[in-house]
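Reproduced below: coords-v6.pdb, with PDB, C-alpha atoms.
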ATOM      1  CA  ARG F   1       0.000   0.000   0.000
ATOM      2  CA  GLN F   2       2.816   2.366   0.832
ATOM      3  CA  ALA F   3       4.387   1.730  -2.573
ATOM      4  CA  VAL F   4       1.082   2.451  -4.318
ATOM      5  CA  ALA F   5       0.642   5.643  -2.296
ATOM      6  CA  ASN F   6       4.149   6.808  -3.177
ATOM      7  CA  THR F   7       3.581   6.094  -6.855
ATOM      8  CA  THR F   8       0.305   8.011  -6.834
ATOM      9  CA  GLN F   9       1.975  10.960  -5.126
ATOM     10  CA  GLN F  10       4.803  10.971  -7.649
ATOM     11  CA  ASN F  11       2.361  10.847 -10.567
ATOM     12  CA  PHE F  12       0.401  13.737  -9.081
ATOM     13  CA  LEU F  13       3.536  15.840  -8.629
ATOM     14  CA  GLN F  14       4.571  15.057 -12.188
ATOM     15  CA  LEU F  15       1.506  16.976 -13.392
ATOM     16  CA  PHE F  16       2.994  20.224 -12.094
ATOM     17  CA  LYS F  17       6.280  19.628 -13.940
ATOM     18  CA  VAL F  18       4.572  19.876 -17.333
ATOM     19  CA  PRO F  19       4.138  23.621 -18.123
ATOM     20  CA  GLU F  20       0.946  23.217 -20.144
ATOM     21  CA  THR F  21      -0.713  20.992 -17.549
ATOM     22  CA  ARG F  22       0.404  23.252 -14.711
ATOM     23  CA  GLN F  23      -1.087  26.271 -16.480
ATOM     24  CA  LYS F  24      -4.421  24.463 -16.934
ATOM     25  CA  ILE F  25      -4.531  23.502 -13.260
ATOM     26  CA  TYR F  26      -3.761  27.038 -12.078
ATOM     27  CA  LEU F  27      -6.338  28.531 -14.454
ATOM     28  CA  THR F  28      -8.964  26.089 -13.219
ATOM     29  CA  LEU F  29      -8.216  26.968  -9.589
ATOM     30  CA  VAL F  30      -8.485  30.710 -10.321
ATOM     31  CA  LEU F  31     -11.834  30.280 -12.082
ATOM     32  CA  LEU F  32     -13.151  28.129  -9.231
ATOM     33  CA  LEU F  33     -12.063  30.851  -6.814
ATOM     34  CA  VAL F  34     -14.045  33.398  -8.839
ATOM     35  CA  TYR F  35     -17.004  31.003  -8.667
ATOM     36  CA  ARG F  36     -16.837  30.844  -4.879
ATOM     37  CA  LEU F  37     -16.332  34.603  -4.536
ATOM     38  CA  GLY F  38     -19.614  35.119  -6.365
ATOM     39  CA  PHE F  39     -21.347  33.471  -3.413
ATOM     40  CA  GLN F  40     -20.307  36.465  -1.312
ATOM     41  CA  ILE F  41     -22.249  38.971  -3.460
ATOM     42  CA  PRO F  42     -25.816  39.188  -2.094
ATOM     43  CA  ILE F  43     -28.910  40.286  -3.946
ATOM     44  CA  PRO F  44     -30.083  43.607  -2.465
ATOM     45  CA  GLY F  45     -33.579  43.846  -1.051
ATOM     46  CA  MET F  46     -33.951  40.302   0.326
ATOM     47  CA  SER F  47     -33.904  39.022   3.895
ATOM     48  CA  PRO F  48     -31.027  36.509   4.053
ATOM     49  CA  GLU F  49     -31.784  35.455   7.636
ATOM     50  CA  PHE F  50     -35.138  33.904   6.770
ATOM     51  CA  LEU F  51     -33.874  32.080   3.669
ATOM     52  CA  LYS F  52     -30.885  30.710   5.555
ATOM     53  CA  GLN F  53     -33.214  29.387   8.234
ATOM     54  CA  GLN F  54     -35.426  27.738   5.605
ATOM     55  CA  GLN F  55     -32.392  26.112   4.010
ATOM     56  CA  ASP F  56     -31.223  24.703   7.332
ATOM     57  CA  GLN F  57     -34.668  23.251   8.005
ATOM     58  CA  GLY F  58     -34.621  21.252   4.770
ATOM     59  CA  SER F  59     -37.591  23.023   3.190
ATOM     60  CA  LEU F  60     -38.298  23.740  -0.459
ATOM     61  CA  PHE F  61     -35.397  26.163  -0.511
ATOM     62  CA  GLY F  62     -33.124  23.523   0.949
ATOM     63  CA  LEU F  63     -33.872  21.246  -2.006
ATOM     64  CA  MET F  64     -33.428  24.047  -4.528
ATOM     65  CA  SER F  65     -30.237  25.148  -2.823
ATOM     66  CA  ALA F  66     -28.740  21.673  -3.130
ATOM     67  CA  PHE F  67     -29.056  21.887  -6.910
ATOM     68  CA  SER F  68     -27.643  25.399  -7.083
ATOM     69  CA  GLY F  69     -24.622  24.815  -4.851
ATOM     70  CA  GLY F  70     -26.111  26.508  -1.790
ATOM     71  CA  ALA F  71     -26.610  29.879  -3.466
ATOM     72  CA  ILE F  72     -30.333  30.287  -2.781
ATOM     73  CA  GLY F  73     -29.855  30.035   0.968
ATOM     74  CA  ASP F  74     -27.267  32.799   0.790
ATOM     75  CA  THR F  75     -29.398  35.011  -1.548
ATOM     76  CA  THR F  76     -26.469  35.665  -3.878
ATOM     77  CA  ILE F  77     -26.224  36.559  -7.543
ATOM     78  CA  PHE F  78     -25.691  32.834  -8.188
ATOM     79  CA  ALA F  79     -29.101  31.995  -6.715
ATOM     80  CA  LEU F  80     -30.235  30.126  -9.855
ATOM     81  CA  GLY F  81     -26.974  28.241 -10.110
ATOM     82  CA  ILE F  82     -25.905  26.446 -13.277
ATOM     83  CA  MET F  83     -29.123  24.419 -13.584
ATOM     84  CA  PRO F  84     -30.808  26.674 -16.220
ATOM     85  CA  TYR F  85     -27.858  26.034 -18.544
ATOM     86  CA  ILE F  86     -27.999  22.303 -17.893
ATOM     87  CA  SER F  87     -31.750  22.294 -18.520
ATOM     88  CA  ALA F  88     -31.317  24.173 -21.808
ATOM     89  CA  SER F  89     -28.595  21.755 -22.896
ATOM     90  CA  ILE F  90     -30.808  18.759 -22.163
ATOM     91  CA  ILE F  91     -33.735  20.333 -24.023
ATOM     92  CA  PHE F  92     -31.682  20.874 -27.177
ATOM     93  CA  GLN F  93     -30.145  17.417 -26.975
ATOM     94  CA  LEU F  94     -33.629  15.945 -26.970
ATOM     95  CA  MET F  95     -34.876  18.301 -29.668
ATOM     96  CA  THR F  96     -32.088  17.324 -32.078
ATOM     97  CA  ALA F  97     -33.628  13.851 -32.197
ATOM     98  CA  VAL F  98     -37.073  15.089 -33.251
ATOM     99  CA  VAL F  99     -36.496  18.428 -35.029
ATOM    100  CA  PRO F 100     -34.971  17.941 -38.512
ATOM    101  CA  GLY F 101     -33.470  21.421 -38.636
ATOM    102  CA  LEU F 102     -31.557  20.952 -35.390
ATOM    103  CA  SER F 103     -30.515  17.458 -36.454
ATOM    104  CA  ARG F 104     -28.983  18.884 -39.634
ATOM    105  CA  LEU F 105     -27.124  21.511 -37.621
ATOM    106  CA  GLN F 106     -25.617  18.794 -35.447
ATOM    107  CA  GLN F 107     -24.309  17.061 -38.580
ATOM    108  CA  GLU F 108     -22.727  20.203 -40.050
ATOM    109  CA  GLY F 109     -19.607  19.932 -37.921
ATOM    110  CA  ASP F 110     -18.144  22.813 -35.945
ATOM    111  CA  VAL F 111     -20.315  25.479 -37.579
ATOM    112  CA  GLY F 112     -23.519  23.615 -36.734
ATOM    113  CA  ARG F 113     -22.398  22.874 -33.191
ATOM    114  CA  GLN F 114     -21.559  26.543 -32.654
ATOM    115  CA  LYS F 115     -25.074  27.492 -33.715
ATOM    116  CA  LEU F 116     -26.557  24.905 -31.343
ATOM    117  CA  THR F 117     -24.384  26.291 -28.555
ATOM    118  CA  GLN F 118     -25.651  29.786 -29.303
ATOM    119  CA  TYR F 119     -29.266  28.600 -29.249
ATOM    120  CA  THR F 120     -28.576  26.874 -25.918
ATOM    121  CA  ARG F 121     -27.319  30.152 -24.480
ATOM    122  CA  TYR F 122     -30.423  31.994 -25.624
ATOM    123  CA  ALA F 123     -32.584  29.279 -24.066
ATOM    124  CA  THR F 124     -30.574  29.593 -20.840
ATOM    125  CA  VAL F 125     -31.387  33.304 -20.639
ATOM    126  CA  LEU F 126     -35.071  32.589 -21.257
ATOM    127  CA  ILE F 127     -35.164  29.901 -18.555
ATOM    128  CA  CYS F 128     -33.405  32.236 -16.111
ATOM    129  CA  LEU F 129     -35.916  35.006 -16.762
ATOM    130  CA  ILE F 130     -38.892  32.698 -16.252
ATOM    131  CA  GLN F 131     -37.499  30.786 -13.276
ATOM    132  CA  GLY F 132     -36.140  33.890 -11.562
ATOM    133  CA  THR F 133     -39.371  35.844 -12.007
ATOM    134  CA  LEU F 134     -41.547  33.019 -10.654
ATOM    135  CA  LEU F 135     -39.239  32.512  -7.675
ATOM    136  CA  LEU F 136     -39.107  36.190  -6.788
ATOM    137  CA  LEU F 137     -42.851  36.706  -7.197
ATOM    138  CA  ALA F 138     -43.405  33.771  -4.866
ATOM    139  CA  LEU F 139     -41.127  35.370  -2.288
ATOM    140  CA  ASN F 140     -43.416  38.396  -2.239
ATOM    141  CA  ASN F 141     -46.191  36.107  -0.944
ATOM    142  CA  PRO F 142     -44.416  33.924   1.627
ATOM    143  CA  ALA F 143     -47.670  32.658   3.156
ATOM    144  CA  GLN F 144     -48.374  30.778  -0.082
ATOM    145  CA  LEU F 145     -44.999  29.051   0.085
ATOM    146  CA  PHE F 146     -44.738  28.331   3.792
ATOM    147  CA  ALA F 147     -47.766  27.162   5.755
ATOM    148  CA  GLY F 148     -48.355  29.206   8.878
ATOM    149  CA  TYR F 149     -45.994  31.983   7.884
ATOM    150  CA  ASP F 150     -47.253  35.271   9.320
ATOM    151  CA  VAL F 151     -45.672  38.379   7.844
ATOM    152  CA  ALA F 152     -46.801  40.394  10.882
ATOM    153  CA  ASN F 153     -44.763  38.159  13.199
ATOM    154  CA  TYR F 154     -41.777  37.168  11.044
ATOM    155  CA  GLY F 155     -41.517  40.143   8.723
ATOM    156  CA  PRO F 156     -41.461  40.160   4.927
ATOM    157  CA  ILE F 157     -38.887  38.226   2.936
ATOM    158  CA  VAL F 158     -38.629  41.018   0.374
ATOM    159  CA  LEU F 159     -37.560  44.265   1.982
ATOM    160  CA  GLY F 160     -37.975  46.631  -0.969
ATOM    161  CA  SER F 161     -40.512  47.560  -3.626
ATOM    162  CA  LYS F 162     -42.040  44.463  -5.240
ATOM    163  CA  TRP F 163     -41.562  45.122  -8.942
ATOM    164  CA  SER F 164     -38.318  47.021  -8.568
ATOM    165  CA  PHE F 165     -36.969  44.095  -6.556
ATOM    166  CA  VAL F 166     -38.183  41.522  -9.105
ATOM    167  CA  VAL F 167     -36.725  43.299 -12.130
ATOM    168  CA  THR F 168     -33.327  44.068 -10.637
ATOM    169  CA  SER F 169     -32.974  40.670  -8.954
ATOM    170  CA  VAL F 170     -33.891  38.757 -12.131
ATOM    171  CA  ILE F 171     -31.216  40.720 -13.987
ATOM    172  CA  PHE F 172     -28.657  39.956 -11.279
ATOM    173  CA  MET F 173     -29.496  36.239 -11.151
ATOM    174  CA  THR F 174     -29.558  35.868 -14.932
ATOM    175  CA  ALA F 175     -26.163  37.560 -15.182
ATOM    176  CA  GLY F 176     -24.912  35.266 -12.421
ATOM    177  CA  THR F 177     -26.000  32.132 -14.272
ATOM    178  CA  MET F 178     -24.463  33.382 -17.533
ATOM    179  CA  LEU F 179     -21.218  34.042 -15.670
ATOM    180  CA  LEU F 180     -21.299  30.488 -14.298
ATOM    181  CA  MET F 181     -21.906  29.187 -17.811
ATOM    182  CA  TRP F 182     -18.889  31.142 -19.063
ATOM    183  CA  LEU F 183     -16.721  29.884 -16.205
ATOM    184  CA  GLY F 184     -17.721  26.309 -16.974
ATOM    185  CA  GLU F 185     -16.906  26.750 -20.667
ATOM    186  CA  GLN F 186     -13.514  28.278 -19.871
ATOM    187  CA  ILE F 187     -12.625  25.416 -17.550
ATOM    188  CA  THR F 188     -13.667  22.928 -20.232
ATOM    189  CA  GLN F 189     -11.779  24.619 -23.057
ATOM    190  CA  ARG F 190      -8.719  26.034 -21.308
ATOM    191  CA  GLY F 191      -8.634  24.252 -17.957
ATOM    192  CA  ILE F 192      -8.663  20.603 -16.950
ATOM    193  CA  GLY F 193     -12.076  19.921 -18.541
ATOM    194  CA  ASN F 194     -15.638  19.092 -17.398
ATOM    195  CA  GLY F 195     -16.204  22.664 -16.248
ATOM    196  CA  VAL F 196     -19.916  22.430 -15.416
ATOM    197  CA  SER F 197     -19.402  19.194 -13.480
ATOM    198  CA  LEU F 198     -16.567  20.794 -11.507
ATOM    199  CA  LEU F 199     -18.720  23.793 -10.595
ATOM    200  CA  ILE F 200     -21.497  21.532  -9.315
ATOM    201  CA  THR F 201     -19.018  19.364  -7.399
ATOM    202  CA  VAL F 202     -17.290  22.338  -5.756
ATOM    203  CA  GLY F 203     -20.664  23.804  -4.766
ATOM    204  CA  ILE F 204     -21.729  20.540  -3.131
ATOM    205  CA  LEU F 205     -18.392  20.084  -1.360
ATOM    206  CA  ALA F 206     -18.576  23.636  -0.013
ATOM    207  CA  ASP F 207     -21.877  22.786   1.693
ATOM    208  CA  ILE F 208     -20.658  19.598   3.372
ATOM    209  CA  PRO F 209     -19.152  21.300   6.486
ATOM    210  CA  GLY F 210     -22.398  23.189   7.142
ATOM    211  CA  ALA F 211     -24.511  20.083   6.565
ATOM    212  CA  ALA F 212     -22.381  18.068   8.992
ATOM    213  CA  VAL F 213     -23.003  20.506  11.847
TER
END
Produce structure tokens that represent the structure in this file.
Amino acid sequence: RQAVANTTQQNFLQLFKVPETRQKIYLTLVLLLVYRLGFQIPIPGMSPEFLKQQQDQGSLFGLMSAFSGGAIGDTTIFALGIMPYISASIIFQLMTAVVPGLSRLQQEGDVGRQKLTQYTRYATVLICLIQGTLLLLALNNPAQLFAGYDVANYGPIVLGSKWSFVVTSVIFMTAGTMLLMWLGEQITQRGIGNGVSLLITVGILADIPGAAV
């Protein structure tokens, strides 16, 4: 076992001796750091104390937060996470099997794939706008989401003007998801690969210490 451990350690250290590989690893670490720093930028106008409490109690927001890397509980610009992009990708993968036009694009090589990627990005924005708007409108009526919630006793979740809050927050969250999408693409193309999977994994790992308490 000791010999296997030593061999594994040597192979791991060898990665840093190759300039190209070392550059990819460092770039990936920097982009992951940017990803985690985004979790420190809150959305203005929302009560983070209530949402954090709901996340800890394993409510609806706890489930949604698990899929977004914990962002919803922290009310950050990454509240929607990377899931809208994943959903758009799945939708277009399924549509290429039934829509002739998309199927032809997939067979046109790099040019066709670039067009499909562009369509996926547009669909991601649309999903973010719809999902973010529905979520934020629901937060303006907490009694409909949480049984027994009394605004008079617990206070409102949204602290500012309803529509001003919805519009600005949807813009922030959509921009956050698009930034995550870009980070994932950069890690895939210029880093060590599997950028979206790495973002999801890092988000889950970051929540493990809090979940263990």
Run the PyMOL selection byres ((chain F and resi 181) around 9) mentally over the shown coordinates, then write out the matched residues as an mmCIF file with C-alpha atoms, keeping the file's coordinate frame, using the chain letters and numbers from the document.
data_model
loop_
_atom_site.group_PDB
_atom_site.id
_atom_site.type_symbol
_atom_site.label_atom_id
_atom_site.label_comp_id
_atom_site.auth_asym_id
_atom_site.auth_seq_id
_atom_site.Cartn_x
_atom_site.Cartn_y
_atom_site.Cartn_z
ATOM 1 C CA ILE F 82 -25.905 26.446 -13.277
ATOM 2 C CA TYR F 85 -27.858 26.034 -18.544
ATOM 3 C CA ARG F 121 -27.319 30.152 -24.480
ATOM 4 C CA GLY F 176 -24.912 35.266 -12.421
ATOM 5 C CA THR F 177 -26.000 32.132 -14.272
ATOM 6 C CA MET F 178 -24.463 33.382 -17.533
ATOM 7 C CA LEU F 179 -21.218 34.042 -15.670
ATOM 8 C CA LEU F 180 -21.299 30.488 -14.298
ATOM 9 C CA TRP F 182 -18.889 31.142 -19.063
ATOM 10 C CA LEU F 183 -16.721 29.884 -16.205
ATOM 11 C CA GLY F 184 -17.721 26.309 -16.974
ATOM 12 C CA GLU F 185 -16.906 26.750 -20.667
ATOM 13 C CA GLN F 186 -13.514 28.278 -19.871
ATOM 14 C CA GLY F 195 -16.204 22.664 -16.248
ATOM 15 C CA VAL F 196 -19.916 22.430 -15.416
#
Self-check item: Explicit residue set for the PyMOL selection byres ((chain F and resi 136) around 9), as a list in words
Solution: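 Evaluating the PyMOL selection byres ((chain F and resi 136) around 9) on this file yields Gln131, Gly132, Thr133, Leu134, Leu135, Leu137, Ala138, Leu139, Asn140, Val158, Lys162, Phe165, Val166, Ser169 and Val170 of chain F.
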Exercise. Quick one: everything within 12 Å of Arg104 of chain F, counting only C-alpha atoms, minus sequence neighbours fewer than 5 positions away in the same chain. Send it as a list in words.
Key: Met95, Thr96, Ala97, Val98, Val99, Gly109, Val111, Gly112, Arg113, Lys115 and Leu116 of chain F
Quiz item: Residues picked by the PyMOL selection byres ((chain F and resi 190) around 12) here, as JSON, numbers by chain?
Solution: {"F": [20, 21, 22, 23, 24, 25, 26, 27, 28, 29, 30, 31, 182, 183, 184, 185, 186, 187, 188, 189, 191, 192, 193, 194, 195]}
Quiz item: Separation of atom CA of Pro100 of chain F and atom CA of Ile130 of chain F, in Å?
Solution: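 The value is 27.0 Å.
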Practice problem: May I ask for the distance between atom CA of Arg36 of chain F and atom CA of Ile77 of chain F, given in Å to one decimal place? | Solution: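 Rounded to one decimal, the two atoms are 11.3 Å apart.
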Self-check item: Close residues, Ser89 of chain F itself excluded, 10 Å, all atoms listed in the file, min 5 positions apart in chain, as a PyMOL selection string
Solution: chain F and resi 83-84+94-95+116-117+119-121+123-124
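Relative to atom CA of Leu198 of chain F, atom CA of Lys17 of chain F is found at 23.0 Å.
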